[in-house]
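**Student:** The following block contains the structure, expressed as structure tokens.
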Amino acid sequence: MDSEPPIERTARRGASGSAGAAAPGEAGQPADLASSPFRADRDRISSSAFFARLGGVTQVVSPSGSGLLLHNRLTHSLKVAQVARAIAESLLEDSDSRAVLERLGGCDLDVVEGAGLAHDLGHPPFGHLGERVLDRVARQRFGIADGFEGNAQTFRIVSSVDVRGGGGDGLDLTAATRAALLKYPWTRLSRPEPHPSGWPVPPRGASEPEDAPGTGASKFSCYGTELDDMLDCRAPFAGRLRQWQQTVEASIMDTADDIAYAIHDLEDFHRVGILQHATVSTELTEWLGRSAELAALDDGVVERGIERPGYSLESLRRRLHAKDSWIADDEAFVNAVKKVQADLVTKLLEQPFDRSKQAEQAVAAFSGTWTRRLVRGVRVEEEPTVRSGHVLLETEQWHEVQILKFVHRRFVLQRPDLALHQRGQDRLVSKLVQALDEWLIDRSESARLPHRLRDLFEHAVGQFERMRRQDPELLAPSGGSHGPPDREELERMARGRAVIDFVASLTDEQAAALLESLSGRTTQLWSDTFVL
């Protein structure tokens with residue numbers, strides 16, 4: 001952009017809890033090499049140990065034993081940042097789109113790229129399985145109403161858990177960059193009010209999970225411990241955005257994440273032979289050949305026949321109409337299925353990946369062609385539906401992403417062998433949390449705790465004590481009738497948050513090795529030197 005962003009967007013929130021503004025053109029800290037505050041944000045994120053750690057966290061499948069270079073959370077984040085910057089550049093090149101972006105609070109390329117780099121900092125070991133386990137133990141074992149959520153953990157890291165030096169907590173990022181990380185700018189249960197999880201048509205991610213009613217939003221980007229920071233970084237956008245709406249830069253990052261997820265994971269599954277041409281082709285071909293017949297069936301018949309070819313895709317079509325009637329379109333759905341059939345099934349999956357030059361070129365062509373197509377299909381909307389951000393895909397490309405994600409979910413995530421693998425990971429994470437909690441409880445061992453775990457516990461105690469004084473409602477589960485937690489309950493919650501912070505900062509291999517050490521199954525010394 002030619003003009004400087006509004007000065008409020010450069011405000012930082014230091015360790016004292018007060019916001020200070022860096023003048024335009026100044027990074028804000030003597031150690032920063034960048035000349036602008038937003039570029040300094042991007043550099044702080046890419047220099048963070050939490051960012052480097054993502055190289056040891058698997059995306060969905062582990063490359064172990066395959067000898068193949070597959071995506072991990074680090075390479076995924078790099079690609080999200082790349083796609084996000086390309087989207088922003090494309091929108092800023094158009095004068096009409098640029099004017100809308102200005103009215104909505106501005107769009108800076110470095111903010112968009114920084115958000116893409118940072119969006120998965122809170123992702124725990126073992127992918128979304130680890131996220132579900134940590135949420136369960138946080139709520140059930142420790143009584144933490146917020147539980148655990150990867151997006152909220154990301155915001156917690158940049159706000160208070162990472163250490164940038166100079167005695168400060170968090171990375172001390174500008175308001176714009178912190179706000180760009182808020183995919184779901186609400187807490188799990190109480191803010192904003194009325195809480196969007198109870199709306200007749202909730203924002204995407206705000207509805208309660210079907211298997212856990214009464215627990216609040218299924219997706220959220222802020223714990224109660226960082227609520228003040230969320231309100232602080234959102235303040236510059238007051239009057240321009242609704243209280244539940246993403247900033248433009250957050251919306252671009254969110255769209256880029258969808259694009260990268262839809263394309264690059266499929267690359268990996270093809271490389272390791274998980275995506276089979278016959279099964280994917282049969283599903284898509286059967287639905288295309290019987291779409292009218294399947295559309296006439298009752299919902300119950302479709303769900304009972306979900307394992308039959310074509311029925312899963314028909315179920316998806318119905319869910320899109322039920323949840324996103326504002327954009328769901330049957331003609332676009334049919335065209336999207338045909339497009340994926342032609343490009344993914346016929347051009348890519350028809351030939352098994354054999355590491356040959358031809359196979360590598362086919363993967364590169366698929367990825368490059370689809371990324372360009374989807375980036376070019378992005379537009380900005382000044383008054384979007386409650387189910388969408390300000391930056392969104394055109395109808396045609398939106399449906400194509402839904403079909404690509406369906407292939408991922410149906411033929412990878414629902415595989416029985418993956419479920420077997422994940423049950424073992426569930427047990428590993430659960431036992432690791434229990435072992436670390438028992439270590440924290442053992443007062444005789446307090447001097448021998450890992451230094452980082454002790455620091456995290458003291459940090460969590462201070463945060464929960466402040467919440468009990470200032471806003472005890474944030475500590476109570478939904479519908480809780482008793483008053484503020486007593487000292488014992490508060491300490492239990494602080495132990496839980498500290499242990500979960502600690503576990504969430506491990507790589508997959510570190511988590512497995514630490515449990516081995518704590519269980520006495522190895523004589524090798526385990527060091528917390530590399531724990532964040």
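As shown in the structure tokens, the chain order sets the letters A, B, ...; within each chain, residues go from 1, and ligands are also counted from 1 in the order they appear.
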Pro202 of chain A: which residues within 12 Å, counting only C-alpha atoms, same-chain residues fewer than 4 positions away excluded, as a PyMOL selection string?
**Tutor:** chain A and resi 184+186+194-198+206-208+216-219+244-245+323-324+385-388
**Student:** Using only C-alpha atoms for the distances, tell me which of A:Leu456, A:Ala359, A:Val112, A:Leu173 is nearest to Ser505 of chain A.
**Tutor:**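 Under the stated criterion, the closest residue is A:Leu456.
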**Student:** Given only C-alpha atoms, how would the per-residue table for segment 86-139 of chain A near segment 487-503 of chain A read, listing every residue at most 10 Å away with its closest atom pair and distance in Å to one decimal, sorted by chain and number, as CSV?
**Tutor:**
```
residue,atom,partner,partner_atom,distance
A:Gly122,CA,A:Asp501,CA,9.0
A:Pro124,CA,A:Val503,CA,7.3
A:Pro125,CA,A:Val503,CA,7.8
A:Gly130,CA,A:Val503,CA,9.6
A:Leu134,CA,A:Ile500,CA,6.7
A:Asp135,CA,A:Ile500,CA,9.1
A:Val137,CA,A:Gly496,CA,8.4
A:Ala138,CA,A:Gly496,CA,6.2
A:Arg139,CA,A:Gly496,CA,9.1
```
**Student:** What is the distance between atom CA of Phe333 of chain A and atom CA of His399 of chain A, in Å to one decimal?
**Tutor:**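 So the answer is 5.8 Å.
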**Student:** Which residues are close to Glu400 of chain A, i.e. within 12 Å by only C-alpha atoms, leaving aside same-chain residues fewer than 6 positions away? Reply as a CSV table (one decimal) with N, CA, C and O atoms, in the first residue's frame.
**Tutor:**
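Saved the output as selection.csv:
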```csv
chain,number,residue,atom,x,y,z
A,258,ASP,N,-6.9,-22.7,4.2
A,258,ASP,CA,-7.8,-23.6,3.5
A,258,ASP,C,-7.2,-24.1,2.2
A,258,ASP,O,-7.3,-25.3,1.8
A,259,ILE,N,-6.6,-23.2,1.4
A,259,ILE,CA,-6.1,-23.5,0.1
A,259,ILE,C,-4.9,-24.5,0.3
A,259,ILE,O,-4.8,-25.5,-0.4
A,262,ALA,N,-6.0,-27.9,1.5
A,262,ALA,CA,-6.7,-28.7,0.5
A,262,ALA,C,-5.8,-29.3,-0.6
A,262,ALA,O,-6.1,-30.4,-1.1
A,263,ILE,N,-4.7,-28.6,-0.9
A,263,ILE,CA,-3.8,-29.1,-1.9
A,263,ILE,C,-2.6,-29.9,-1.4
A,263,ILE,O,-2.4,-31.0,-1.9
A,328,ALA,N,-23.8,-22.4,-1.2
A,328,ALA,CA,-24.0,-23.8,-1.8
A,328,ALA,C,-24.9,-23.7,-3.1
A,328,ALA,O,-25.9,-23.1,-3.1
A,329,ASP,N,-24.4,-24.4,-4.1
A,329,ASP,CA,-25.0,-24.4,-5.4
A,329,ASP,C,-24.8,-25.7,-6.1
A,329,ASP,O,-23.7,-26.2,-6.2
A,331,GLU,N,-25.2,-26.8,-9.2
A,331,GLU,CA,-24.4,-26.7,-10.5
A,331,GLU,C,-22.9,-26.6,-10.2
A,331,GLU,O,-22.1,-27.3,-10.8
A,332,ALA,N,-22.6,-25.7,-9.3
A,332,ALA,CA,-21.2,-25.5,-8.9
A,332,ALA,C,-20.6,-26.7,-8.3
A,332,ALA,O,-19.4,-27.1,-8.5
A,333,PHE,N,-21.4,-27.5,-7.5
A,333,PHE,CA,-21.0,-28.7,-6.9
A,333,PHE,C,-20.6,-29.7,-7.9
A,333,PHE,O,-19.6,-30.4,-7.9
A,334,VAL,N,-21.5,-29.9,-8.9
A,334,VAL,CA,-21.3,-30.9,-10.0
A,334,VAL,C,-20.0,-30.6,-10.7
A,334,VAL,O,-19.2,-31.4,-11.0
A,335,ASN,N,-19.9,-29.3,-11.1
A,335,ASN,CA,-18.7,-28.9,-11.8
A,335,ASN,C,-17.4,-29.1,-11.0
A,335,ASN,O,-16.4,-29.4,-11.6
A,336,ALA,N,-17.5,-28.9,-9.7
A,336,ALA,CA,-16.3,-29.1,-8.8
A,336,ALA,C,-15.9,-30.5,-8.8
A,336,ALA,O,-14.7,-30.9,-8.8
A,337,VAL,N,-16.9,-31.4,-8.7
A,337,VAL,CA,-16.6,-32.9,-8.7
A,337,VAL,C,-16.0,-33.3,-10.0
A,337,VAL,O,-15.0,-34.0,-10.0
A,338,LYS,N,-16.5,-32.7,-11.1
A,338,LYS,CA,-15.9,-33.1,-12.4
A,338,LYS,C,-14.5,-32.5,-12.5
A,338,LYS,O,-13.6,-33.2,-13.1
A,339,LYS,N,-14.2,-31.3,-12.0
A,339,LYS,CA,-12.9,-30.7,-12.1
A,339,LYS,C,-11.9,-31.5,-11.2
A,339,LYS,O,-10.8,-31.8,-11.7
A,340,VAL,N,-12.3,-32.0,-10.0
A,340,VAL,CA,-11.4,-32.8,-9.2
A,340,VAL,C,-11.2,-34.1,-9.8
A,340,VAL,O,-10.1,-34.7,-9.8
A,341,GLN,N,-12.2,-34.7,-10.4
A,341,GLN,CA,-12.1,-36.0,-11.1
A,341,GLN,C,-11.1,-35.9,-12.2
A,341,GLN,O,-10.2,-36.8,-12.3
A,343,ASP,N,-8.6,-33.5,-12.7
A,343,ASP,CA,-7.2,-33.1,-12.3
A,343,ASP,C,-6.6,-34.0,-11.3
A,343,ASP,O,-5.4,-34.3,-11.4
A,344,LEU,N,-7.3,-34.4,-10.3
A,344,LEU,CA,-6.7,-35.2,-9.2
A,344,LEU,C,-6.7,-36.7,-9.6
A,344,LEU,O,-5.7,-37.3,-9.5
A,370,TRP,N,-3.3,-25.8,-9.2
A,370,TRP,CA,-4.4,-25.5,-8.3
A,370,TRP,C,-4.2,-24.3,-7.4
A,370,TRP,O,-5.2,-23.6,-7.1
A,371,THR,N,-3.0,-24.1,-6.9
A,371,THR,CA,-2.7,-23.0,-6.1
A,371,THR,C,-3.0,-21.7,-6.8
A,371,THR,O,-3.7,-20.8,-6.3
A,373,ARG,N,-5.0,-21.3,-9.4
A,373,ARG,CA,-6.4,-21.2,-9.7
A,373,ARG,C,-7.2,-20.7,-8.5
A,373,ARG,O,-8.1,-19.8,-8.6
A,374,LEU,N,-6.9,-21.2,-7.3
A,374,LEU,CA,-7.6,-20.8,-6.1
A,374,LEU,C,-7.3,-19.4,-5.7
A,374,LEU,O,-8.1,-18.6,-5.2
A,377,GLY,N,-9.1,-17.0,-7.6
A,377,GLY,CA,-10.5,-17.0,-7.3
A,377,GLY,C,-10.9,-16.4,-6.0
A,377,GLY,O,-12.0,-16.7,-5.4
A,393,LEU,N,-13.4,-17.1,-1.2
A,393,LEU,CA,-13.3,-17.7,-2.5
A,393,LEU,C,-14.6,-17.4,-3.3
A,393,LEU,O,-15.7,-17.4,-2.7
A,394,GLU,N,-14.5,-17.3,-4.6
A,394,GLU,CA,-15.7,-17.3,-5.5
A,394,GLU,C,-16.4,-18.6,-5.4
A,394,GLU,O,-15.8,-19.6,-5.0
A,406,PHE,N,-13.0,-33.0,1.1
A,406,PHE,CA,-13.7,-34.2,1.2
A,406,PHE,C,-12.9,-35.4,0.9
A,406,PHE,O,-12.9,-36.4,1.7
A,407,VAL,N,-12.1,-35.4,-0.2
A,407,VAL,CA,-11.3,-36.5,-0.5
A,407,VAL,C,-10.3,-36.8,0.6
A,407,VAL,O,-10.0,-37.9,1.0
```
**Student:** Show me a table, sorted first by chain and then by increasing residue number, of the residues of segment 140-258 of chain A having an atom at most 10 Å from segment 459-472 of chain A, each with its shortest atom pair and the distance in Å to one decimal, counting only C-alpha atoms and written as a tab-separated table.
**Tutor:**
```
residue	atom	partner	partner_atom	distance
A:Ser160	CA	A:His459	CA	8.8
A:Val161	CA	A:His459	CA	8.5
A:Asp169	CA	A:His459	CA	9.7
A:Gly224	CA	A:Met467	CA	7.9
A:Thr225	CA	A:Gln463	CA	6.1
A:Glu226	CA	A:Gln463	CA	8.9
A:Leu227	CA	A:Met467	CA	10.0
```
**Student:** For the selection you just gave me, I'd like the residues written to a file as a PDB file, in the first residue's frame, keeping all heavy atoms.
**Tutor:**
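Written file, result15.pdb:
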```
ATOM      1  N   SER A 160       1.862 -14.355  25.698  1.00  0.00           N
ATOM      2  CA  SER A 160       2.392 -14.475  27.055  1.00  0.00           C
ATOM      3  C   SER A 160       3.359 -15.623  27.305  1.00  0.00           C
ATOM      4  O   SER A 160       4.079 -15.595  28.302  1.00  0.00           O
ATOM      5  CB  SER A 160       1.226 -14.596  28.058  1.00  0.00           C
ATOM      6  OG  SER A 160       0.540 -15.818  27.900  1.00  0.00           O
ATOM      7  N   VAL A 161       3.410 -16.644  26.463  1.00  0.00           N
ATOM      8  CA  VAL A 161       4.229 -17.819  26.766  1.00  0.00           C
ATOM      9  C   VAL A 161       5.618 -17.731  26.146  1.00  0.00           C
ATOM     10  O   VAL A 161       6.621 -18.062  26.788  1.00  0.00           O
ATOM     11  CB  VAL A 161       3.517 -19.115  26.316  1.00  0.00           C
ATOM     12  CG1 VAL A 161       4.436 -20.314  26.440  1.00  0.00           C
ATOM     13  CG2 VAL A 161       2.269 -19.333  27.172  1.00  0.00           C
ATOM     14  N   ASP A 169       7.013 -10.945  28.382  1.00  0.00           N
ATOM     15  CA  ASP A 169       6.286 -12.163  28.053  1.00  0.00           C
ATOM     16  C   ASP A 169       5.700 -12.018  26.657  1.00  0.00           C
ATOM     17  O   ASP A 169       5.201 -10.959  26.282  1.00  0.00           O
ATOM     18  CB  ASP A 169       5.156 -12.405  29.056  1.00  0.00           C
ATOM     19  CG  ASP A 169       5.683 -12.714  30.449  1.00  0.00           C
ATOM     20  OD1 ASP A 169       6.774 -13.299  30.530  1.00  0.00           O
ATOM     21  OD2 ASP A 169       5.013 -12.364  31.433  1.00  0.00           O
ATOM     22  N   GLY A 224      -9.422 -17.230  28.355  1.00  0.00           N
ATOM     23  CA  GLY A 224      -9.712 -16.116  29.255  1.00  0.00           C
ATOM     24  C   GLY A 224      -8.456 -15.437  29.771  1.00  0.00           C
ATOM     25  O   GLY A 224      -8.466 -14.228  30.061  1.00  0.00           O
ATOM     26  N   THR A 225      -7.359 -16.179  29.879  1.00  0.00           N
ATOM     27  CA  THR A 225      -6.111 -15.600  30.381  1.00  0.00           C
ATOM     28  C   THR A 225      -5.558 -14.527  29.458  1.00  0.00           C
ATOM     29  O   THR A 225      -4.800 -13.656  29.891  1.00  0.00           O
ATOM     30  CB  THR A 225      -5.049 -16.704  30.569  1.00  0.00           C
ATOM     31  OG1 THR A 225      -5.052 -17.562  29.413  1.00  0.00           O
ATOM     32  CG2 THR A 225      -5.335 -17.527  31.800  1.00  0.00           C
ATOM     33  N   GLU A 226      -5.900 -14.580  28.166  1.00  0.00           N
ATOM     34  CA  GLU A 226      -5.411 -13.583  27.201  1.00  0.00           C
ATOM     35  C   GLU A 226      -6.527 -12.678  26.683  1.00  0.00           C
ATOM     36  O   GLU A 226      -6.361 -11.991  25.670  1.00  0.00           O
ATOM     37  CB  GLU A 226      -4.737 -14.281  26.011  1.00  0.00           C
ATOM     38  CG  GLU A 226      -3.364 -14.833  26.295  1.00  0.00           C
ATOM     39  CD  GLU A 226      -3.389 -16.087  27.166  1.00  0.00           C
ATOM     40  OE1 GLU A 226      -4.230 -16.973  26.891  1.00  0.00           O
ATOM     41  OE2 GLU A 226      -2.594 -16.175  28.122  1.00  0.00           O
ATOM     42  N   LEU A 227      -7.672 -12.648  27.381  1.00  0.00           N
ATOM     43  CA  LEU A 227      -8.804 -11.866  26.907  1.00  0.00           C
ATOM     44  C   LEU A 227      -8.455 -10.383  26.774  1.00  0.00           C
ATOM     45  O   LEU A 227      -8.807  -9.742  25.767  1.00  0.00           O
ATOM     46  CB  LEU A 227     -10.001 -12.042  27.843  1.00  0.00           C
ATOM     47  CG  LEU A 227     -11.242 -11.221  27.497  1.00  0.00           C
ATOM     48  CD1 LEU A 227     -11.746 -11.559  26.101  1.00  0.00           C
ATOM     49  CD2 LEU A 227     -12.340 -11.467  28.533  1.00  0.00           C
TER      50      LEU A 227
END
```
**Student:** Assign secondary structure with DSSP using the backbone only, and return the residues of segment 233-474 of chain A in alpha helix (DSSP H) as a ChimeraX atom specification.
**Tutor:** /A:233-234,248-271,277-295,299-304,311-323,330-340,357-376,395-408,416-441,451-470
**Student:** Got time to write the residues from that selection, C-alpha atoms, as a short mmCIF file (atom, residue, chain, number, x, y, z; two decimals), in the first residue's frame?
**Tutor:**
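Heads up, here's the output in out09.cif:
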```cif
data_model
loop_
_atom_site.label_atom_id
_atom_site.label_comp_id
_atom_site.auth_asym_id
_atom_site.auth_seq_id
_atom_site.Cartn_x
_atom_site.Cartn_y
_atom_site.Cartn_z
CA CYS A 233 -5.40 -5.72 19.60
CA ARG A 234 -8.97 -5.58 18.27
CA VAL A 248 -9.03 -8.49 6.65
CA GLU A 249 -5.54 -9.86 7.30
CA ALA A 250 -6.90 -12.70 9.45
CA SER A 251 -9.42 -13.52 6.72
CA ILE A 252 -6.65 -13.69 4.11
CA MET A 253 -4.60 -16.01 6.34
CA ASP A 254 -7.64 -18.20 6.97
CA THR A 255 -8.38 -18.50 3.25
CA ALA A 256 -4.72 -19.28 2.52
CA ASP A 257 -4.75 -22.01 5.17
CA ASP A 258 -7.78 -23.59 3.50
CA ILE A 259 -6.07 -23.52 0.11
CA ALA A 260 -2.79 -24.98 1.38
CA TYR A 261 -4.57 -27.65 3.41
CA ALA A 262 -6.75 -28.70 0.46
CA ILE A 263 -3.82 -29.06 -1.93
CA HIS A 264 -0.61 -29.91 -0.14
CA ASP A 265 -1.94 -32.66 2.12
CA LEU A 266 -3.22 -34.49 -0.96
CA GLU A 267 0.32 -34.34 -2.37
CA ASP A 268 1.62 -36.18 0.70
CA PHE A 269 -1.07 -38.83 0.66
CA HIS A 270 -0.36 -39.52 -3.02
CA ARG A 271 3.39 -39.76 -2.32
CA HIS A 277 -6.96 -44.09 -7.68
CA ALA A 278 -9.67 -46.77 -7.72
CA THR A 279 -11.45 -45.82 -4.48
CA VAL A 280 -11.43 -42.06 -5.09
CA SER A 281 -12.48 -42.47 -8.71
CA THR A 282 -15.32 -44.84 -7.80
CA GLU A 283 -16.75 -42.41 -5.23
CA LEU A 284 -16.72 -39.44 -7.58
CA THR A 285 -17.84 -41.35 -10.68
CA GLU A 286 -20.72 -43.10 -8.89
CA TRP A 287 -22.04 -39.81 -7.53
CA LEU A 288 -21.79 -38.09 -10.92
CA GLY A 289 -23.64 -40.97 -12.58
CA ARG A 290 -26.37 -41.21 -9.93
CA SER A 291 -26.65 -37.67 -8.57
CA ALA A 292 -30.36 -37.28 -9.38
CA GLU A 293 -31.19 -40.70 -7.90
CA LEU A 294 -29.18 -40.05 -4.74
CA ALA A 295 -30.68 -36.57 -4.31
CA ASP A 299 -31.50 -38.39 4.71
CA GLY A 300 -31.69 -41.56 6.78
CA VAL A 301 -31.19 -43.77 3.73
CA VAL A 302 -28.14 -41.75 2.70
CA GLU A 303 -26.58 -41.96 6.14
CA ARG A 304 -27.19 -45.69 6.46
CA TYR A 311 -23.32 -41.77 -0.71
CA SER A 312 -20.60 -39.90 1.21
CA LEU A 313 -20.41 -37.27 -1.50
CA GLU A 314 -24.20 -36.89 -1.46
CA SER A 315 -24.04 -36.44 2.31
CA LEU A 316 -21.49 -33.67 1.81
CA ARG A 317 -23.72 -31.90 -0.72
CA ARG A 318 -26.57 -31.89 1.81
CA ARG A 319 -24.38 -30.62 4.64
CA LEU A 320 -23.16 -27.73 2.52
CA HIS A 321 -26.76 -26.69 1.81
CA ALA A 322 -27.67 -27.02 5.49
CA LYS A 323 -24.70 -25.02 6.82
CA ASP A 330 -25.76 -27.72 -7.04
CA GLU A 331 -24.42 -26.75 -10.46
CA ALA A 332 -21.17 -25.49 -8.93
CA PHE A 333 -20.97 -28.69 -6.86
CA VAL A 334 -21.29 -30.90 -9.96
CA ASN A 335 -18.67 -28.86 -11.82
CA ALA A 336 -16.31 -29.06 -8.83
CA VAL A 337 -16.62 -32.87 -8.69
CA LYS A 338 -15.88 -33.05 -12.42
CA LYS A 339 -12.88 -30.73 -12.05
CA VAL A 340 -11.38 -32.76 -9.19
CA LYS A 357 11.07 -37.41 -12.64
CA GLN A 358 7.71 -37.77 -14.34
CA ALA A 359 5.96 -38.49 -11.04
CA GLU A 360 7.58 -35.48 -9.33
CA GLN A 361 6.63 -33.24 -12.23
CA ALA A 362 3.03 -34.44 -12.06
CA VAL A 363 2.85 -33.54 -8.35
CA ALA A 364 4.41 -30.13 -8.97
CA ALA A 365 2.02 -29.43 -11.85
CA PHE A 366 -1.02 -30.38 -9.75
CA SER A 367 0.07 -28.22 -6.82
CA GLY A 368 1.09 -25.20 -8.89
CA THR A 369 -1.96 -25.22 -11.15
CA TRP A 370 -4.43 -25.55 -8.30
CA THR A 371 -2.74 -22.97 -6.08
CA ARG A 372 -2.80 -20.38 -8.87
CA ARG A 373 -6.42 -21.22 -9.70
CA LEU A 374 -7.61 -20.81 -6.12
CA VAL A 375 -5.59 -17.66 -5.40
CA ARG A 376 -7.08 -16.04 -8.51
CA THR A 395 -18.51 -19.78 -5.62
CA GLU A 396 -16.77 -22.03 -8.15
CA GLN A 397 -13.48 -22.24 -6.25
CA TRP A 398 -15.22 -22.53 -2.87
CA HIS A 399 -16.94 -25.73 -4.03
CA GLU A 400 -13.69 -27.09 -5.43
CA VAL A 401 -11.99 -26.65 -2.06
CA GLN A 402 -14.88 -28.47 -0.37
CA ILE A 403 -14.43 -31.45 -2.72
CA LEU A 404 -10.65 -31.55 -2.26
CA LYS A 405 -11.10 -31.47 1.53
CA PHE A 406 -13.74 -34.20 1.25
CA VAL A 407 -11.25 -36.49 -0.53
CA HIS A 408 -8.76 -35.83 2.28
CA PRO A 416 -9.13 -47.67 10.10
CA ASP A 417 -5.34 -48.02 10.16
CA LEU A 418 -4.98 -44.30 10.96
CA ALA A 419 -7.51 -44.66 13.77
CA LEU A 420 -5.45 -47.52 15.23
CA HIS A 421 -2.32 -45.37 15.13
CA GLN A 422 -4.13 -42.45 16.76
CA ARG A 423 -5.40 -44.54 19.67
CA GLY A 424 -1.81 -45.18 20.64
CA GLN A 425 -1.01 -41.47 20.39
CA ASP A 426 -4.04 -40.68 22.55
CA ARG A 427 -2.71 -42.94 25.29
CA LEU A 428 0.77 -41.47 24.98
CA VAL A 429 -0.38 -37.85 25.41
CA SER A 430 -2.79 -38.73 28.24
CA LYS A 431 -0.11 -40.62 30.18
CA LEU A 432 2.44 -37.85 29.63
CA VAL A 433 0.07 -35.24 31.06
CA GLN A 434 -0.65 -37.46 34.06
CA ALA A 435 3.03 -38.12 34.73
CA LEU A 436 3.97 -34.44 34.57
CA ASP A 437 1.05 -33.46 36.80
CA GLU A 438 2.09 -36.02 39.41
CA TRP A 439 5.60 -34.61 39.28
CA LEU A 440 4.28 -31.09 39.90
CA ILE A 441 2.18 -32.31 42.84
CA HIS A 451 12.95 -25.34 34.67
CA ARG A 452 10.51 -24.53 31.91
CA LEU A 453 7.67 -26.43 33.58
CA ARG A 454 8.25 -24.60 36.86
CA ASP A 455 8.27 -21.24 35.04
CA LEU A 456 5.04 -22.08 33.24
CA PHE A 457 3.37 -23.08 36.52
CA GLU A 458 4.31 -19.82 38.22
CA HIS A 459 3.10 -17.90 35.17
CA ALA A 460 -0.25 -19.73 35.16
CA VAL A 461 -0.76 -19.19 38.91
CA GLY A 462 -0.33 -15.45 38.45
CA GLN A 463 -2.75 -15.39 35.52
CA PHE A 464 -5.46 -17.40 37.28
CA GLU A 465 -5.15 -15.35 40.47
CA ARG A 466 -5.61 -12.17 38.44
CA MET A 467 -8.67 -13.66 36.71
CA ARG A 468 -10.19 -14.68 40.06
CA ARG A 469 -9.87 -11.07 41.27
CA GLN A 470 -10.97 -9.32 38.10
#
```
**Student:** Using only C-alpha atoms, which residues sit within 12 Å of Arg178 of chain A once same-chain residues fewer than 3 positions away are excluded, as a VMD selection string?
**Tutor:** chain A and resid 9 to 13 38 41 to 42 45 111 to 112 114 to 116 118 to 119 151 to 152 154 to 160 170 to 175 181 to 183 185 221 to 222 226 229 to 236 246 to 247 249 to 250
**Student:** Figure out the distance between atom CA of Glu113 of chain A and atom CA of Lys79 of chain A, please, to one decimal in Å.
**Tutor:**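 Separation between atom CA of Lys79 of chain A and atom CA of Glu113 of chain A: 9.9 Å.
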**Student:** Rounded to one decimal place, report the atom CA of Ser517 of chain A-atom CA of Ala447 of chain A distance in Å.
**Tutor:**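 Separation of atom CA of Ser517 of chain A and atom CA of Ala447 of chain A: 18.2 Å.
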**Student:** For Glu381 of chain A, list every protein, DNA or RNA residue within 9 Å, evaluated using only C-alpha atoms, and leave out those in the same chain fewer than 6 positions away; present the list as a PyMOL selection string.
**Tutor:** chain A and resi 97+100+389-392
